[in-house]
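Shown next: start.cif, containing mmCIF, N, CA and C atoms.
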data_protein
loop_
_atom_site.label_atom_id
_atom_site.label_comp_id
_atom_site.auth_asym_id
_atom_site.auth_seq_id
_atom_site.Cartn_x
_atom_site.Cartn_y
_atom_site.Cartn_z
N MET A 1 110.32 83.53 131.81
CA MET A 1 109.86 83.46 130.44
C MET A 1 110.26 84.73 129.72
N ASN A 2 110.56 84.58 128.46
CA ASN A 2 110.92 85.68 127.58
C ASN A 2 109.77 86.69 127.52
N ALA A 3 110.07 87.98 127.57
CA ALA A 3 109.05 89.02 127.50
C ALA A 3 108.35 89.05 126.15
N ASP A 4 109.03 88.60 125.11
CA ASP A 4 108.45 88.55 123.76
C ASP A 4 108.69 87.17 123.16
N PRO A 5 107.96 86.17 123.69
CA PRO A 5 108.21 84.80 123.24
C PRO A 5 107.69 84.53 121.83
N VAL A 6 108.15 83.42 121.31
CA VAL A 6 107.70 82.93 120.01
C VAL A 6 106.73 81.77 120.28
N PRO A 7 105.43 81.96 119.97
CA PRO A 7 104.50 80.86 120.15
C PRO A 7 104.64 79.84 119.03
N LEU A 8 104.39 78.58 119.37
CA LEU A 8 104.42 77.53 118.36
C LEU A 8 103.44 76.43 118.74
N LEU A 9 102.99 75.72 117.72
CA LEU A 9 102.09 74.59 117.95
C LEU A 9 102.95 73.37 118.27
N PRO A 10 102.64 72.68 119.37
CA PRO A 10 103.42 71.49 119.71
C PRO A 10 103.26 70.39 118.66
N ARG A 11 104.17 69.48 118.69
CA ARG A 11 104.12 68.33 117.78
C ARG A 11 102.77 67.63 117.93
N GLY A 12 102.15 67.30 116.81
CA GLY A 12 100.86 66.62 116.81
C GLY A 12 99.67 67.56 116.88
N THR A 13 99.92 68.87 116.92
CA THR A 13 98.85 69.86 116.99
C THR A 13 98.82 70.63 115.68
N ARG A 14 97.61 70.84 115.15
CA ARG A 14 97.52 71.57 113.88
C ARG A 14 96.16 72.22 113.73
N LEU A 15 96.12 73.25 112.90
CA LEU A 15 94.86 73.88 112.53
C LEU A 15 94.23 73.07 111.41
N HIS A 16 92.91 72.97 111.45
CA HIS A 16 92.21 72.16 110.46
C HIS A 16 90.84 72.76 110.22
N HIS A 17 90.39 72.76 108.98
CA HIS A 17 89.03 73.21 108.68
C HIS A 17 88.09 72.01 108.79
N ASP A 18 87.15 72.11 109.72
CA ASP A 18 86.15 71.06 109.92
C ASP A 18 85.01 71.33 108.94
N ARG A 19 84.90 70.50 107.92
CA ARG A 19 83.88 70.71 106.89
C ARG A 19 82.47 70.50 107.42
N VAL A 20 82.30 69.61 108.37
CA VAL A 20 80.96 69.34 108.92
C VAL A 20 80.42 70.58 109.63
N ARG A 21 81.26 71.20 110.45
CA ARG A 21 80.86 72.39 111.21
C ARG A 21 81.17 73.69 110.47
N ASP A 22 81.89 73.58 109.35
CA ASP A 22 82.33 74.73 108.57
C ASP A 22 83.02 75.77 109.44
N THR A 23 83.97 75.29 110.24
CA THR A 23 84.74 76.17 111.10
C THR A 23 86.15 75.61 111.28
N MET A 24 87.03 76.46 111.73
CA MET A 24 88.39 76.01 112.01
C MET A 24 88.44 75.40 113.41
N VAL A 25 89.27 74.37 113.53
CA VAL A 25 89.48 73.72 114.82
C VAL A 25 90.99 73.55 115.03
N LEU A 26 91.36 73.51 116.29
CA LEU A 26 92.73 73.19 116.66
C LEU A 26 92.71 71.72 117.05
N LEU A 27 93.35 70.91 116.22
CA LEU A 27 93.38 69.47 116.48
C LEU A 27 94.60 69.12 117.32
N VAL A 28 94.36 68.41 118.39
CA VAL A 28 95.42 67.88 119.24
C VAL A 28 95.09 66.41 119.46
N PRO A 29 96.04 65.60 119.85
CA PRO A 29 95.73 64.19 120.04
C PRO A 29 94.52 63.99 120.96
N GLU A 30 93.52 63.35 120.42
CA GLU A 30 92.29 62.98 121.12
C GLU A 30 91.43 64.17 121.53
N ARG A 31 91.64 65.34 120.92
CA ARG A 31 90.84 66.52 121.23
C ARG A 31 90.72 67.40 119.99
N ALA A 32 89.68 68.21 119.99
CA ALA A 32 89.52 69.24 118.97
C ALA A 32 88.92 70.46 119.66
N LEU A 33 89.53 71.60 119.46
CA LEU A 33 89.05 72.84 120.05
C LEU A 33 88.46 73.69 118.93
N LEU A 34 87.15 73.98 119.03
CA LEU A 34 86.50 74.83 118.04
C LEU A 34 87.00 76.26 118.20
N LEU A 35 87.29 76.91 117.09
CA LEU A 35 87.82 78.27 117.12
C LEU A 35 86.84 79.25 116.50
N ASP A 36 86.78 80.44 117.08
CA ASP A 36 86.02 81.51 116.44
C ASP A 36 86.95 82.24 115.47
N GLU A 37 86.44 83.31 114.86
CA GLU A 37 87.24 84.03 113.86
C GLU A 37 88.51 84.63 114.47
N ILE A 38 88.40 85.12 115.69
CA ILE A 38 89.55 85.74 116.33
C ILE A 38 90.61 84.70 116.65
N GLY A 39 90.20 83.59 117.25
CA GLY A 39 91.14 82.52 117.56
C GLY A 39 91.81 81.99 116.31
N THR A 40 91.04 81.85 115.24
CA THR A 40 91.59 81.40 113.96
C THR A 40 92.63 82.38 113.44
N ALA A 41 92.30 83.68 113.47
CA ALA A 41 93.23 84.69 112.97
C ALA A 41 94.54 84.66 113.75
N ILE A 42 94.44 84.51 115.06
CA ILE A 42 95.66 84.47 115.88
C ILE A 42 96.48 83.23 115.56
N LEU A 43 95.84 82.07 115.57
CA LEU A 43 96.59 80.83 115.38
C LEU A 43 97.13 80.68 113.96
N GLN A 44 96.51 81.31 112.99
CA GLN A 44 97.06 81.28 111.63
C GLN A 44 98.38 82.05 111.55
N GLU A 45 98.61 82.96 112.48
CA GLU A 45 99.87 83.72 112.53
C GLU A 45 100.96 82.99 113.29
N VAL A 46 100.60 81.95 114.04
CA VAL A 46 101.59 81.21 114.83
C VAL A 46 102.35 80.28 113.90
N ASP A 47 103.60 80.65 113.63
CA ASP A 47 104.41 79.89 112.69
C ASP A 47 105.69 79.34 113.30
N GLY A 48 105.87 79.55 114.61
CA GLY A 48 107.08 79.06 115.26
C GLY A 48 108.29 79.95 115.05
N LYS A 49 108.11 81.07 114.33
CA LYS A 49 109.21 82.00 114.05
C LYS A 49 108.89 83.42 114.52
N SER A 50 107.61 83.79 114.44
CA SER A 50 107.19 85.15 114.77
C SER A 50 106.99 85.32 116.26
N THR A 51 107.46 86.45 116.78
CA THR A 51 107.27 86.78 118.19
C THR A 51 105.84 87.27 118.42
N LEU A 52 105.46 87.33 119.68
CA LEU A 52 104.14 87.86 120.00
C LEU A 52 103.98 89.29 119.50
N SER A 53 105.01 90.10 119.62
CA SER A 53 104.90 91.49 119.17
C SER A 53 104.73 91.56 117.65
N ALA A 54 105.39 90.69 116.91
CA ALA A 54 105.25 90.68 115.45
C ALA A 54 103.84 90.24 115.05
N ILE A 55 103.33 89.22 115.71
CA ILE A 55 101.96 88.76 115.44
C ILE A 55 100.97 89.86 115.78
N SER A 56 101.15 90.51 116.91
CA SER A 56 100.26 91.60 117.34
C SER A 56 100.27 92.74 116.33
N ALA A 57 101.45 93.11 115.86
CA ALA A 57 101.56 94.21 114.90
C ALA A 57 100.84 93.87 113.60
N ARG A 58 101.02 92.65 113.10
CA ARG A 58 100.35 92.25 111.86
C ARG A 58 98.83 92.26 112.01
N LEU A 59 98.33 91.72 113.11
CA LEU A 59 96.88 91.67 113.30
C LEU A 59 96.29 93.05 113.57
N ALA A 60 97.01 93.89 114.29
CA ALA A 60 96.54 95.25 114.54
C ALA A 60 96.42 96.01 113.22
N GLU A 61 97.41 95.84 112.36
CA GLU A 61 97.37 96.50 111.06
C GLU A 61 96.23 95.95 110.20
N ARG A 62 96.09 94.63 110.18
CA ARG A 62 95.05 94.00 109.37
C ARG A 62 93.65 94.46 109.77
N TYR A 63 93.40 94.58 111.07
CA TYR A 63 92.07 94.91 111.56
C TYR A 63 91.90 96.36 111.97
N GLY A 64 92.94 97.18 111.81
CA GLY A 64 92.83 98.59 112.13
C GLY A 64 92.54 98.85 113.60
N ALA A 65 93.17 98.06 114.46
CA ALA A 65 92.93 98.18 115.90
C ALA A 65 94.21 98.66 116.58
N PRO A 66 94.07 99.26 117.77
CA PRO A 66 95.27 99.71 118.50
C PRO A 66 96.14 98.52 118.89
N GLU A 67 97.42 98.59 118.55
CA GLU A 67 98.34 97.47 118.79
C GLU A 67 98.43 97.06 120.26
N PRO A 68 98.45 97.99 121.23
CA PRO A 68 98.52 97.55 122.63
C PRO A 68 97.30 96.71 123.05
N ASP A 69 96.13 97.06 122.55
CA ASP A 69 94.92 96.28 122.87
C ASP A 69 94.99 94.91 122.23
N VAL A 70 95.41 94.87 120.98
CA VAL A 70 95.54 93.60 120.26
C VAL A 70 96.57 92.71 120.96
N ALA A 71 97.70 93.29 121.32
CA ALA A 71 98.77 92.52 121.99
C ALA A 71 98.27 91.92 123.30
N ALA A 72 97.53 92.69 124.07
CA ALA A 72 97.01 92.20 125.35
C ALA A 72 96.03 91.04 125.13
N ASP A 73 95.15 91.19 124.14
CA ASP A 73 94.17 90.13 123.86
C ASP A 73 94.85 88.85 123.36
N ILE A 74 95.85 89.01 122.50
CA ILE A 74 96.57 87.85 121.99
C ILE A 74 97.29 87.14 123.12
N ARG A 75 97.92 87.91 124.00
CA ARG A 75 98.65 87.31 125.12
C ARG A 75 97.72 86.51 126.02
N VAL A 76 96.56 87.05 126.34
CA VAL A 76 95.59 86.34 127.18
C VAL A 76 95.14 85.05 126.49
N PHE A 77 94.81 85.14 125.20
CA PHE A 77 94.36 83.97 124.44
C PHE A 77 95.42 82.88 124.42
N LEU A 78 96.65 83.26 124.03
CA LEU A 78 97.71 82.26 123.92
C LEU A 78 98.14 81.73 125.29
N ASP A 79 98.17 82.58 126.31
CA ASP A 79 98.50 82.09 127.66
C ASP A 79 97.50 81.04 128.11
N GLY A 80 96.22 81.22 127.76
CA GLY A 80 95.21 80.22 128.09
C GLY A 80 95.47 78.90 127.38
N LEU A 81 95.90 78.97 126.13
CA LEU A 81 96.21 77.75 125.39
C LEU A 81 97.49 77.10 125.91
N VAL A 82 98.45 77.92 126.33
CA VAL A 82 99.68 77.38 126.92
C VAL A 82 99.34 76.64 128.21
N ALA A 83 98.45 77.20 129.02
CA ALA A 83 98.05 76.55 130.28
C ALA A 83 97.40 75.19 130.03
N GLN A 84 96.74 75.06 128.87
CA GLN A 84 96.11 73.78 128.51
C GLN A 84 97.06 72.87 127.72
N ARG A 85 98.28 73.36 127.51
CA ARG A 85 99.32 72.64 126.76
C ARG A 85 98.95 72.42 125.30
N LEU A 86 98.22 73.41 124.74
CA LEU A 86 97.83 73.36 123.33
C LEU A 86 98.75 74.21 122.46
N VAL A 87 99.49 75.11 123.10
CA VAL A 87 100.48 75.97 122.45
C VAL A 87 101.67 76.03 123.38
N ASP A 88 102.86 76.17 122.79
CA ASP A 88 104.09 76.33 123.57
C ASP A 88 104.70 77.68 123.24
N TYR A 89 105.56 78.16 124.15
CA TYR A 89 106.37 79.34 123.89
C TYR A 89 107.83 78.94 123.81
N GLN A 90 108.57 79.57 122.90
CA GLN A 90 110.03 79.37 122.82
C GLN A 90 110.68 80.53 123.53
#

Written as structure tokens, that's how I'd like the structure from this file.
Amino acid sequence: MNADPVPLLPRGTRLHHDRVRDTMVLLVPERALLLDEIGTAILQEVDGKSTLSAISARLAERYGAPEPDVAADIRVFLDGLVAQRLVDYQ
């Protein structure tokens, strides 16, 4: 796998605001994953073009956090979604 992959949402997967729960969810065929603020912030940066390092840099700057810590957290989060086949890497 590429050391700096580009995450993307697979076909049929999308972010959606659930008005009933007033929260963001990741919609996949026959499933919905409730997201917290951190998960939402990460997945809103997943555009199929940006690398993990670019996403990490943007979020670290936005939240004033150390980029290596942010990068590690994002990698763990997205790797978990990749394992569930909810996100892909290019």

For this session: Given the file shown, enumerate the residues that the PyMOL selection byres ((chain A and resi 71) around 8) captures and present them as a ChimeraX atom specification.
Result: /A:52-53,55-57,59-60,65-70,72-77

For this session: Would you be able to write out as a PyMOL selection string which residues have an atom within 6.5 Å of (104.6, 80.1, 114.5) in the file's coordinates, counting all atoms listed in the file?
Result: chain A and resi 6-9+45-50

For this session: Please report, as a PyMOL selection string, each residue of chain A to which DSSP assigns alpha helix (DSSP H) when run on this structure's backbone.
Result: chain A and resi 37-45+52-63+67-83

For this session: May I have the residues within 6.5 Å of Met24 in chain A as a PyMOL selection string, using only N, CA and C atoms and disregarding those fewer than 6 positions away in the same chain?
Result: chain A and resi 16-18+33-36

For the residues selected in the previous step, produce a file with N, CA and C atoms as an mmCIF file, in the frame of the given file.
data_model
loop_
_atom_site.group_PDB
_atom_site.id
_atom_site.type_symbol
_atom_site.label_atom_id
_atom_site.label_comp_id
_atom_site.auth_asym_id
_atom_site.auth_seq_id
_atom_site.Cartn_x
_atom_site.Cartn_y
_atom_site.Cartn_z
ATOM 1 N N HIS A 16 92.910 72.970 111.450
ATOM 2 C CA HIS A 16 92.210 72.160 110.460
ATOM 3 C C HIS A 16 90.840 72.760 110.220
ATOM 4 N N HIS A 17 90.390 72.760 108.980
ATOM 5 C CA HIS A 17 89.030 73.210 108.680
ATOM 6 C C HIS A 17 88.090 72.010 108.790
ATOM 7 N N ASP A 18 87.150 72.110 109.720
ATOM 8 C CA ASP A 18 86.150 71.060 109.920
ATOM 9 C C ASP A 18 85.010 71.330 108.940
ATOM 10 N N LEU A 33 89.530 71.600 119.460
ATOM 11 C CA LEU A 33 89.050 72.840 120.050
ATOM 12 C C LEU A 33 88.460 73.690 118.930
ATOM 13 N N LEU A 34 87.150 73.980 119.030
ATOM 14 C CA LEU A 34 86.500 74.830 118.040
ATOM 15 C C LEU A 34 87.000 76.260 118.200
ATOM 16 N N LEU A 35 87.290 76.910 117.090
ATOM 17 C CA LEU A 35 87.820 78.270 117.120
ATOM 18 C C LEU A 35 86.840 79.250 116.500
ATOM 19 N N ASP A 36 86.780 80.440 117.080
ATOM 20 C CA ASP A 36 86.020 81.510 116.440
ATOM 21 C C ASP A 36 86.950 82.240 115.470
#

Exercise. For the atom pair CA of Leu86 in chain A and CA of Ala54 in chain A, what is the interatomic distance in Å to one decimal place?
Worked result: 20.4 Å

Residue members of the PyMOL selection byres (((chain A and resi 15 and name CA) around 8) and name CA) in the file shown, as a short mmCIF file (atom, residue, chain, number, x, y, z; two decimals) with N, CA and C atoms, in the coordinates of the input:
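Contents of expr07.cif, freshly written:
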data_model
loop_
_atom_site.label_atom_id
_atom_site.label_comp_id
_atom_site.auth_asym_id
_atom_site.auth_seq_id
_atom_site.Cartn_x
_atom_site.Cartn_y
_atom_site.Cartn_z
N THR A 13 99.92 68.87 116.92
CA THR A 13 98.85 69.86 116.99
C THR A 13 98.82 70.63 115.68
N ARG A 14 97.61 70.84 115.15
CA ARG A 14 97.52 71.57 113.88
C ARG A 14 96.16 72.22 113.73
N HIS A 16 92.91 72.97 111.45
CA HIS A 16 92.21 72.16 110.46
C HIS A 16 90.84 72.76 110.22
N HIS A 17 90.39 72.76 108.98
CA HIS A 17 89.03 73.21 108.68
C HIS A 17 88.09 72.01 108.79
N MET A 24 87.03 76.46 111.73
CA MET A 24 88.39 76.01 112.01
C MET A 24 88.44 75.40 113.41
N VAL A 25 89.27 74.37 113.53
CA VAL A 25 89.48 73.72 114.82
C VAL A 25 90.99 73.55 115.03
N LEU A 26 91.36 73.51 116.29
CA LEU A 26 92.73 73.19 116.66
C LEU A 26 92.71 71.72 117.05
N LEU A 27 93.35 70.91 116.22
CA LEU A 27 93.38 69.47 116.48
C LEU A 27 94.60 69.12 117.32
N LEU A 43 95.84 82.07 115.57
CA LEU A 43 96.59 80.83 115.38
C LEU A 43 97.13 80.68 113.96
N GLN A 44 96.51 81.31 112.99
CA GLN A 44 97.06 81.28 111.63
C GLN A 44 98.38 82.05 111.55
#

For this session: Would you list the residues near (112.1, 85.5, 125.9), meaning any protein, DNA or RNA residue with an atom at most 10 Å from that point in file coordinates, counting only C-alpha atoms, as a VMD selection string?
Result: chain A and resid 1 to 6 51 89 to 90

With all atoms of range 34-43 of chain A from the file as input, state the centre and edge lengths in Å to one decimal of the axis-aligned box that has 5 Å extra on each side, as lines of an AutoDock Vina configuration file.
center_x = 91.6
center_y = 79.9
center_z = 116.0
size_x = 21.1
size_y = 21.8
size_z = 16.1
